[in-house]
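Dropping input22.cif in here (mmCIF, C-alpha atoms):
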data_model
#
loop_
_atom_site.group_PDB
_atom_site.id
_atom_site.type_symbol
_atom_site.label_atom_id
_atom_site.label_comp_id
_atom_site.auth_asym_id
_atom_site.auth_seq_id
_atom_site.Cartn_x
_atom_site.Cartn_y
_atom_site.Cartn_z
ATOM 1 C CA MET A 266 0.000 0.000 0.000
ATOM 2 C CA SER A 267 1.304 3.327 -0.977
ATOM 3 C CA THR A 268 0.756 6.372 1.237
ATOM 4 C CA ALA A 269 1.649 8.949 -1.381
ATOM 5 C CA PRO A 270 0.061 12.350 -0.885
ATOM 6 C CA VAL A 271 -3.025 13.173 -2.962
ATOM 7 C CA SER A 272 -2.192 15.399 -5.909
ATOM 8 C CA GLY A 273 -3.921 18.750 -6.429
ATOM 9 C CA ARG A 274 -5.978 17.557 -9.380
ATOM 10 C CA ARG A 275 -7.196 14.499 -7.604
ATOM 11 C CA TRP A 276 -8.090 16.544 -4.527
ATOM 12 C CA ALA A 277 -10.056 18.999 -6.691
ATOM 13 C CA ALA A 278 -11.870 16.155 -8.452
ATOM 14 C CA ILE A 279 -12.961 14.775 -5.075
ATOM 15 C CA CYS A 280 -13.885 18.056 -3.368
ATOM 16 C CA PHE A 281 -15.423 20.052 -6.217
ATOM 17 C CA PRO A 282 -18.708 18.096 -6.456
ATOM 18 C CA ILE A 283 -19.196 18.293 -2.705
ATOM 19 C CA VAL A 284 -18.542 22.031 -2.619
ATOM 20 C CA ALA A 285 -20.824 22.579 -5.623
ATOM 21 C CA VAL A 286 -23.720 20.761 -3.933
ATOM 22 C CA ILE A 287 -23.287 22.797 -0.752
ATOM 23 C CA VAL A 288 -23.177 26.103 -2.662
ATOM 24 C CA LEU A 289 -26.283 25.225 -4.706
ATOM 25 C CA PHE A 290 -28.110 24.213 -1.536
ATOM 26 C CA LEU A 291 -27.310 27.546 0.102
ATOM 27 C CA ILE A 292 -28.350 29.507 -2.982
ATOM 28 C CA GLY A 293 -31.632 27.602 -3.113
ATOM 29 C CA ARG A 294 -32.312 28.334 0.543
ATOM 30 C CA ARG A 295 -31.607 32.013 0.038
ATOM 31 C CA ALA A 296 -33.984 32.155 -2.956
ATOM 32 C CA THR A 297 -36.705 30.394 -0.971
ATOM 33 C CA ASN A 298 -36.304 32.791 1.949
ATOM 34 C CA ALA A 299 -36.410 35.810 -0.360
ATOM 35 C CA ALA A 300 -39.609 34.571 -1.995
ATOM 36 C CA THR A 301 -41.570 34.533 1.256
ATOM 37 C CA VAL A 302 -43.767 37.564 1.764
ATOM 38 C CA PRO A 303 -44.018 39.058 5.244
ATOM 39 C CA SER A 304 -47.494 39.182 6.725
ATOM 40 C CA PRO A 305 -49.048 42.575 7.542
ATOM 41 C CA SER A 306 -48.798 41.758 11.246
ATOM 42 C CA ALA A 307 -45.035 41.300 10.968
ATOM 43 C CA SER A 308 -42.672 43.813 12.454
ATOM 44 C CA PRO A 309 -41.739 46.832 10.354
ATOM 45 C CA SER A 310 -39.149 46.480 7.651
ATOM 46 C CA PRO A 311 -35.532 47.505 8.229
ATOM 47 C CA SER A 312 -36.328 50.866 6.650
ATOM 48 C CA GLY A 313 -38.750 51.503 9.499
ATOM 49 C CA VAL A 314 -41.868 51.691 7.297
ATOM 50 C CA SER A 315 -44.709 49.366 8.265
ATOM 51 C CA PHE A 316 -47.596 48.278 6.064
ATOM 52 C CA GLU A 317 -49.926 50.722 7.816
ATOM 53 C CA ASP A 318 -47.489 53.597 7.230
ATOM 54 C CA ALA A 319 -47.153 52.712 3.562
ATOM 55 C CA GLY A 320 -50.867 53.374 2.977
ATOM 56 C CA LEU A 321 -51.613 49.888 1.709
ATOM 57 C CA PRO A 322 -55.252 48.742 1.907
ATOM 58 C CA ASP A 323 -56.317 46.473 4.754
ATOM 59 C CA SER A 324 -57.831 43.928 2.385
ATOM 60 C CA VAL A 325 -56.697 43.027 -1.081
ATOM 61 C CA ASP A 326 -58.974 41.375 -3.638
ATOM 62 C CA ALA A 327 -58.059 37.848 -4.559
ATOM 63 C CA PRO A 328 -56.508 37.600 -8.035
ATOM 64 C CA GLY A 329 -59.260 35.257 -9.242
ATOM 65 C CA GLU A 330 -62.145 37.621 -8.436
ATOM 66 C CA VAL A 331 -63.948 39.182 -11.386
ATOM 67 C CA GLU A 332 -65.930 42.404 -11.355
ATOM 68 C CA THR A 333 -69.565 41.939 -12.286
ATOM 69 C CA ASP A 334 -69.693 45.212 -14.259
ATOM 70 C CA ALA A 335 -66.766 44.288 -16.508
ATOM 71 C CA PRO A 336 -67.604 43.460 -20.123
ATOM 72 C CA PRO A 337 -67.008 39.858 -21.166
ATOM 73 C CA ALA A 338 -63.554 39.146 -22.520
ATOM 74 C CA ALA A 339 -63.037 38.072 -26.120
ATOM 75 C CA VAL A 340 -60.320 35.602 -25.078
ATOM 76 C CA ASP A 341 -60.198 33.535 -21.882
ATOM 77 C CA LEU A 342 -56.946 31.833 -20.963
ATOM 78 C CA LEU A 343 -57.122 28.238 -19.741
ATOM 79 C CA ALA A 344 -54.920 26.728 -17.065
ATOM 80 C CA ASP A 345 -53.140 24.530 -19.606
ATOM 81 C CA GLY A 346 -52.155 27.545 -21.722
ATOM 82 C CA GLY A 347 -54.958 27.193 -24.263
ATOM 83 C CA VAL A 348 -57.533 29.832 -25.106
ATOM 84 C CA VAL A 349 -61.305 30.049 -25.459
ATOM 85 C CA VAL A 350 -62.306 32.694 -28.000
ATOM 86 C CA ASP A 351 -65.707 34.388 -28.141
ATOM 87 C CA LEU A 352 -66.629 34.554 -31.823
ATOM 88 C CA ASN A 353 -68.892 37.591 -31.337
ATOM 89 C CA LEU A 354 -66.258 39.718 -29.559
ATOM 90 C CA ALA A 355 -62.934 38.576 -31.012
ATOM 91 C CA ALA A 356 -60.733 40.641 -33.264
ATOM 92 C CA GLU A 357 -58.637 39.134 -36.059
ATOM 93 C CA ALA A 358 -55.611 38.753 -33.778
ATOM 94 C CA ASP A 359 -57.733 36.900 -31.204
ATOM 95 C CA LEU A 360 -59.075 34.503 -33.826
ATOM 96 C CA ARG A 361 -55.561 33.779 -35.108
ATOM 97 C CA ARG A 362 -54.696 32.332 -31.687
ATOM 98 C CA LEU A 363 -56.906 29.346 -32.521
ATOM 99 C CA PRO A 364 -55.162 26.307 -34.011
ATOM 100 C CA GLY A 365 -55.527 26.127 -37.779
ATOM 101 C CA VAL A 366 -56.868 29.691 -38.081
ATOM 102 C CA GLY A 367 -54.563 31.967 -40.011
ATOM 103 C CA PRO A 368 -55.136 35.454 -41.366
ATOM 104 C CA THR A 369 -57.378 34.305 -44.228
ATOM 105 C CA ARG A 370 -59.676 32.185 -42.066
ATOM 106 C CA ALA A 371 -59.807 34.905 -39.417
ATOM 107 C CA ARG A 372 -60.923 37.458 -42.018
ATOM 108 C CA LYS A 373 -63.559 35.035 -43.312
ATOM 109 C CA ILE A 374 -64.910 34.586 -39.775
ATOM 110 C CA LEU A 375 -65.095 38.364 -39.336
ATOM 111 C CA GLU A 376 -66.849 38.759 -42.714
ATOM 112 C CA LEU A 377 -69.420 36.140 -41.759
ATOM 113 C CA ARG A 378 -69.961 37.825 -38.382
ATOM 114 C CA SER A 379 -70.580 41.183 -40.072
ATOM 115 C CA HIS A 380 -72.997 39.471 -42.512
ATOM 116 C CA LEU A 381 -74.916 37.607 -39.775
ATOM 117 C CA GLY A 382 -74.729 40.363 -37.184
ATOM 118 C CA ARG A 383 -73.653 37.834 -34.569
ATOM 119 C CA PHE A 384 -73.033 34.116 -34.259
ATOM 120 C CA LYS A 385 -75.849 32.165 -32.642
ATOM 121 C CA SER A 386 -73.638 29.107 -32.170
ATOM 122 C CA VAL A 387 -70.215 27.804 -33.071
ATOM 123 C CA ASP A 388 -71.885 25.663 -35.762
ATOM 124 C CA ASP A 389 -72.444 28.852 -37.808
ATOM 125 C CA LEU A 390 -68.776 28.532 -38.821
ATOM 126 C CA ALA A 391 -69.853 25.682 -41.122
ATOM 127 C CA ARG A 392 -71.157 28.351 -43.511
ATOM 128 C CA ILE A 393 -67.572 29.330 -44.322
ATOM 129 C CA LYS A 394 -66.017 27.464 -47.226
ATOM 130 C CA GLY A 395 -63.243 25.239 -45.905
ATOM 131 C CA PHE A 396 -64.756 24.725 -42.450
ATOM 132 C CA GLY A 397 -65.768 21.097 -42.410
ATOM 133 C CA LYS A 398 -66.872 18.735 -39.691
ATOM 134 C CA ALA A 399 -63.311 17.973 -38.601
ATOM 135 C CA THR A 400 -62.421 21.656 -38.273
ATOM 136 C CA LEU A 401 -65.581 22.375 -36.297
ATOM 137 C CA ARG A 402 -64.927 19.389 -34.042
ATOM 138 C CA ARG A 403 -61.416 20.713 -33.341
ATOM 139 C CA LEU A 404 -62.538 24.323 -32.734
ATOM 140 C CA ARG A 405 -65.752 23.668 -30.768
ATOM 141 C CA PRO A 406 -64.057 23.335 -27.333
ATOM 142 C CA LEU A 407 -61.935 26.418 -28.014
ATOM 143 C CA THR A 408 -64.699 28.780 -29.115
ATOM 144 C CA ARG A 409 -68.019 30.110 -27.863
ATOM 145 C CA ALA A 410 -70.754 32.387 -29.159
ATOM 146 C CA SER A 411 -72.080 34.657 -26.432
#

So, in terms of structure tokens, how does the structure I just supplied come out?
Amino acid sequence: MSTAPVSGRRWAAICFPIVAVIVLFLIGRRATNAATVPSPSASPSPSGVSFEDAGLPDSVDAPGEVETDAPPAAVDLLADGGVVVDLNLAAEADLRRLPGVGPTRARKILELRSHLGRFKSVDDLARIKGFGKATLRRLRPLTRAS
């Protein structure tokens, strides 16, 4: 058995992964601690300004609440990143967000809407040349006619 001292490269190869894991752990902890939001009942910040002094409201509306007086939106975003487009309110750019609807199809939808006045159902899209059963089946869950 040889008891030769460990060379610098070998020492670095052994210690570097351990040091890297420790550093990443500490960075992750710091990011987690920074992401926590202090509660309004917490002590004032280091600057000496409390939530009451800052003039913030006592209650804040939840982000999911919707005003009842607000007009309906032309595009609703789904949790999975998809969209639901209202055919009677959508602009050309909104319609182009639908799969398989480019500028030409979007203009045709707008022309049909101006001709009809408003869509009574999504099935009215069948009046447009090129909108077959398969296209309607694909677009039905992504559109509505309010």

Picked residues, the PyMOL selection byres ((chain A and resi 400-402) around 12), as a list in words: Leu363, Pro364, Gly365, Val366, Arg370, Ser386, Val387, Asp388, Asp389, Leu390, Ala391, Arg392, Ile393, Lys394, Gly395, Phe396, Gly397, Lys398, Ala399, Arg403, Leu404, Arg405, Pro406, Leu407, Thr408 and Arg409 of chain A

Just checking: using all atoms listed in the file, which residue out of A:Leu291, A:Leu360, A:Ala277, A:Val340 ends up closest to A:Arg372?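 Result for the nearest residue to A:Arg372: A:Leu360.
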
Correct to one decimal, the distance atom CA of A:Gly382-atom CA of A:Leu342 is 25.5 Å

Do you have the atom CA of A:Val348-atom CA of A:Arg383 distance handy?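 Between atom CA of A:Val348 and atom CA of A:Arg383 the gap is 20.3 Å.
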
Between atom CA of A:Glu357 and atom CA of A:Arg378, distance in Å (one decimal): 11.6 Å

Box in all listed atoms of stretch 337-353 of chain A, axis-aligned, with 4 Å more on each side; write out centre and edge lengths in Å to one decimal as JSON.
{"center_x": -60.5, "center_y": 32.2, "center_z": -24.4, "size_x": 24.7, "size_y": 23.3, "size_z": 22.8}

May I have the residues within 7 Å of A:Ala410 as a VMD selection string, using only C-alpha atoms and disregarding those fewer than 3 positions away in the same chain? chain A and resid 351 to 353 384 to 387

Taking C-alpha atoms for each residue, export the selection above as a JSON list (two decimals), in the frame of the given file.
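Dumped to again_8.json:
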[["chain", "number", "residue", "atom", "x", "y", "z"],
["A", 351, "ASP", "CA", -65.71, 34.39, -28.14],
["A", 352, "LEU", "CA", -66.63, 34.55, -31.82],
["A", 353, "ASN", "CA", -68.89, 37.59, -31.34],
["A", 384, "PHE", "CA", -73.03, 34.12, -34.26],
["A", 385, "LYS", "CA", -75.85, 32.16, -32.64],
["A", 386, "SER", "CA", -73.64, 29.11, -32.17],
["A", 387, "VAL", "CA", -70.22, 27.80, -33.07]]

Using all atoms listed in the file for the distances, tell me which of A:Leu354, A:Arg274, A:Asp345, A:Ile287 is nearest to A:Ser379. A:Leu354

May I ask you to restore N, CA and C atoms in stretch 369-405 of chain A and write the result as a compact mmCIF listing (two decimals), in the frame of the given file?
# COMPACT_ATOMS: atom_id res chain seq x y z
N THR A 369 -56.28 34.43 -43.27
CA THR A 369 -57.38 34.30 -44.23
C THR A 369 -58.63 33.78 -43.55
N ARG A 370 -58.50 32.72 -42.76
CA ARG A 370 -59.68 32.18 -42.07
C ARG A 370 -60.22 33.18 -41.05
N ALA A 371 -59.35 33.91 -40.39
CA ALA A 371 -59.81 34.90 -39.42
C ALA A 371 -60.62 35.99 -40.11
N ARG A 372 -60.17 36.44 -41.27
CA ARG A 372 -60.92 37.46 -42.02
C ARG A 372 -62.27 36.90 -42.48
N LYS A 373 -62.29 35.64 -42.89
CA LYS A 373 -63.56 35.03 -43.31
C LYS A 373 -64.54 34.94 -42.15
N ILE A 374 -64.05 34.64 -40.96
CA ILE A 374 -64.91 34.59 -39.78
C ILE A 374 -65.47 35.97 -39.49
N LEU A 375 -64.63 37.00 -39.58
CA LEU A 375 -65.10 38.36 -39.34
C LEU A 375 -66.10 38.81 -40.39
N GLU A 376 -65.90 38.42 -41.65
CA GLU A 376 -66.85 38.76 -42.71
C GLU A 376 -68.20 38.10 -42.46
N LEU A 377 -68.17 36.83 -42.05
CA LEU A 377 -69.42 36.14 -41.76
C LEU A 377 -70.12 36.77 -40.56
N ARG A 378 -69.36 37.18 -39.56
CA ARG A 378 -69.96 37.83 -38.38
C ARG A 378 -70.62 39.14 -38.78
N SER A 379 -69.97 39.92 -39.64
CA SER A 379 -70.58 41.18 -40.07
C SER A 379 -71.83 40.92 -40.93
N HIS A 380 -71.83 39.83 -41.69
CA HIS A 380 -73.00 39.47 -42.51
C HIS A 380 -74.17 38.99 -41.64
N LEU A 381 -73.87 38.15 -40.64
CA LEU A 381 -74.92 37.61 -39.78
C LEU A 381 -75.33 38.58 -38.67
N GLY A 382 -74.47 39.49 -38.32
CA GLY A 382 -74.73 40.36 -37.18
C GLY A 382 -74.07 39.80 -35.93
N ARG A 383 -74.29 38.54 -35.67
CA ARG A 383 -73.65 37.83 -34.57
C ARG A 383 -73.85 36.34 -34.76
N PHE A 384 -72.93 35.57 -34.19
CA PHE A 384 -73.03 34.12 -34.26
C PHE A 384 -74.02 33.64 -33.20
N LYS A 385 -74.92 32.76 -33.60
CA LYS A 385 -75.85 32.16 -32.64
C LYS A 385 -75.23 30.95 -31.98
N SER A 386 -74.36 30.25 -32.72
CA SER A 386 -73.64 29.11 -32.17
C SER A 386 -72.34 28.93 -32.94
N VAL A 387 -71.49 28.08 -32.42
CA VAL A 387 -70.22 27.80 -33.07
C VAL A 387 -70.46 27.09 -34.41
N ASP A 388 -71.57 26.39 -34.53
CA ASP A 388 -71.89 25.66 -35.76
C ASP A 388 -72.11 26.60 -36.95
N ASP A 389 -72.31 27.89 -36.70
CA ASP A 389 -72.44 28.85 -37.81
C ASP A 389 -71.17 28.94 -38.63
N LEU A 390 -70.04 28.51 -38.07
CA LEU A 390 -68.78 28.53 -38.82
C LEU A 390 -68.82 27.58 -40.01
N ALA A 391 -69.75 26.63 -40.02
CA ALA A 391 -69.85 25.68 -41.12
C ALA A 391 -70.26 26.38 -42.41
N ARG A 392 -70.78 27.59 -42.32
CA ARG A 392 -71.16 28.35 -43.51
C ARG A 392 -69.94 28.84 -44.30
N ILE A 393 -68.79 28.86 -43.67
CA ILE A 393 -67.57 29.33 -44.32
C ILE A 393 -66.98 28.18 -45.13
N LYS A 394 -66.64 28.47 -46.38
CA LYS A 394 -66.02 27.46 -47.23
C LYS A 394 -64.68 27.06 -46.63
N GLY A 395 -64.48 25.76 -46.47
CA GLY A 395 -63.24 25.24 -45.90
C GLY A 395 -63.38 24.82 -44.45
N PHE A 396 -64.50 25.16 -43.81
CA PHE A 396 -64.76 24.72 -42.45
C PHE A 396 -65.65 23.50 -42.51
N GLY A 397 -65.02 22.34 -42.38
CA GLY A 397 -65.77 21.10 -42.41
C GLY A 397 -66.04 20.57 -41.02
N LYS A 398 -66.53 19.34 -40.97
CA LYS A 398 -66.87 18.74 -39.69
C LYS A 398 -65.65 18.57 -38.80
N ALA A 399 -64.53 18.18 -39.39
CA ALA A 399 -63.31 17.97 -38.60
C ALA A 399 -62.81 19.29 -38.00
N THR A 400 -62.86 20.35 -38.77
CA THR A 400 -62.42 21.66 -38.27
C THR A 400 -63.34 22.13 -37.16
N LEU A 401 -64.64 21.98 -37.34
CA LEU A 401 -65.58 22.38 -36.30
C LEU A 401 -65.39 21.54 -35.04
N ARG A 402 -65.15 20.26 -35.19
CA ARG A 402 -64.93 19.39 -34.04
C ARG A 402 -63.68 19.83 -33.26
N ARG A 403 -62.65 20.27 -33.98
CA ARG A 403 -61.42 20.71 -33.34
C ARG A 403 -61.60 22.07 -32.66
N LEU A 404 -62.39 22.97 -33.26
CA LEU A 404 -62.54 24.32 -32.73
C LEU A 404 -63.66 24.46 -31.70
N ARG A 405 -64.59 23.54 -31.66
CA ARG A 405 -65.75 23.67 -30.77
C ARG A 405 -65.35 23.86 -29.30
